[in-house]
Amino acid sequence: MDPLLTLASVIITAAMLVTLGYAGLCWISPFKRCQRCAGTGHTTTRVLRRPRACRRCDRGMRLRTGRRVFNFFHRLRAEATR
């Protein structure tokens, strides 16, 4: 068997496993903790260090990027089939 063919098949298989694993994670757990506020939902101001609501998330959780992509294509398909 050709070594390049073996290497290519290993790389393709690994890429497929990673992609399917991430898709499964997005399906099971579509939200992740916000990195900006560490999942608390609050950040502090720079000057007085007062707590305020985090602008990036809602209640400390953010929608995963893969789930955003899935939702976009799902809405696009739903609009096209109307």
# chains A, B, ... in the order shown; residues from 1 in each chain; ligands from 1
$ residues_around --residues "region 62-69 of chain A" --least-positions-apart "4" --cutoff "8 Å" --atoms "only C-alpha atoms" --output "list in words"
Tyr22, Ala23, Cys26, Trp27, Pro30, Phe31, Lys32, Arg33, Cys34, Arg56, Cys57, Asp58 and Phe73 of chain A
$ select_by_dssp --residues "region 17-52 of chain A" --states "strand (DSSP E)" --output "list in words"
Phe31, Lys32, Arg33, His42, Thr43, Thr44, Pro51 and Arg52 of chain A
$ write_last_selection --atoms "C-alpha atoms" --output "compact mmCIF listing (two decimals), in the first residue's frame"
# COMPACT_ATOMS: atom_id res chain seq x y z
CA PHE A 31 -24.19 26.59 25.17
CA LYS A 32 -20.77 27.16 26.70
CA ARG A 33 -19.49 29.38 29.48
CA HIS A 42 -21.12 40.05 35.36
CA THR A 43 -17.94 41.97 34.59
CA THR A 44 -16.35 44.93 36.31
CA PRO A 51 -19.94 45.11 38.65
CA ARG A 52 -22.15 45.36 35.58
$ select_by_dssp --residues "region 26-70 of chain A" --states "helix (DSSP H, G or I)" --output "PDB file with N, CA and C atoms, in the first residue's frame"
ATOM      1  N   CYS A  26     -22.124  20.163  19.922  1.00  0.00           N
ATOM      2  CA  CYS A  26     -23.045  21.278  19.681  1.00  0.00           C
ATOM      3  C   CYS A  26     -24.499  20.832  19.780  1.00  0.00           C
ATOM      4  N   TRP A  27     -24.778  19.580  19.432  1.00  0.00           N
ATOM      5  CA  TRP A  27     -26.140  19.065  19.515  1.00  0.00           C
ATOM      6  C   TRP A  27     -26.524  18.773  20.967  1.00  0.00           C
ATOM      7  N   ILE A  28     -25.615  18.183  21.726  1.00  0.00           N
ATOM      8  CA  ILE A  28     -25.902  17.814  23.119  1.00  0.00           C
ATOM      9  C   ILE A  28     -25.868  19.042  24.028  1.00  0.00           C
ATOM     10  N   THR A  65     -20.228  28.373  18.402  1.00  0.00           N
ATOM     11  CA  THR A  65     -20.116  28.796  17.009  1.00  0.00           C
ATOM     12  C   THR A  65     -20.737  27.767  16.074  1.00  0.00           C
ATOM     13  N   GLY A  66     -20.499  26.503  16.329  1.00  0.00           N
ATOM     14  CA  GLY A  66     -21.076  25.462  15.490  1.00  0.00           C
ATOM     15  C   GLY A  66     -22.589  25.464  15.533  1.00  0.00           C
ATOM     16  N   ARG A  67     -23.155  25.752  16.695  1.00  0.00           N
ATOM     17  CA  ARG A  67     -24.603  25.809  16.818  1.00  0.00           C
ATOM     18  C   ARG A  67     -25.159  27.029  16.094  1.00  0.00           C
ATOM     19  N   ARG A  68     -24.419  28.149  16.099  1.00  0.00           N
ATOM     20  CA  ARG A  68     -24.834  29.336  15.337  1.00  0.00           C
ATOM     21  C   ARG A  68     -24.895  29.016  13.845  1.00  0.00           C
ATOM     22  N   VAL A  69     -23.891  28.300  13.357  1.00  0.00           N
ATOM     23  CA  VAL A  69     -23.856  27.921  11.942  1.00  0.00           C
ATOM     24  C   VAL A  69     -25.030  27.009  11.615  1.00  0.00           C
ATOM     25  N   PHE A  70     -25.288  26.016  12.483  1.00  0.00           N
ATOM     26  CA  PHE A  70     -26.414  25.111  12.271  1.00  0.00           C
ATOM     27  C   PHE A  70     -27.726  25.876  12.246  1.00  0.00           C
TER      28      PHE A  70
END
$ atom_distance --atom1 "CA of Arg77 (chain A)" --atom2 "CA of Thr19 (chain A)"
21.5 Å
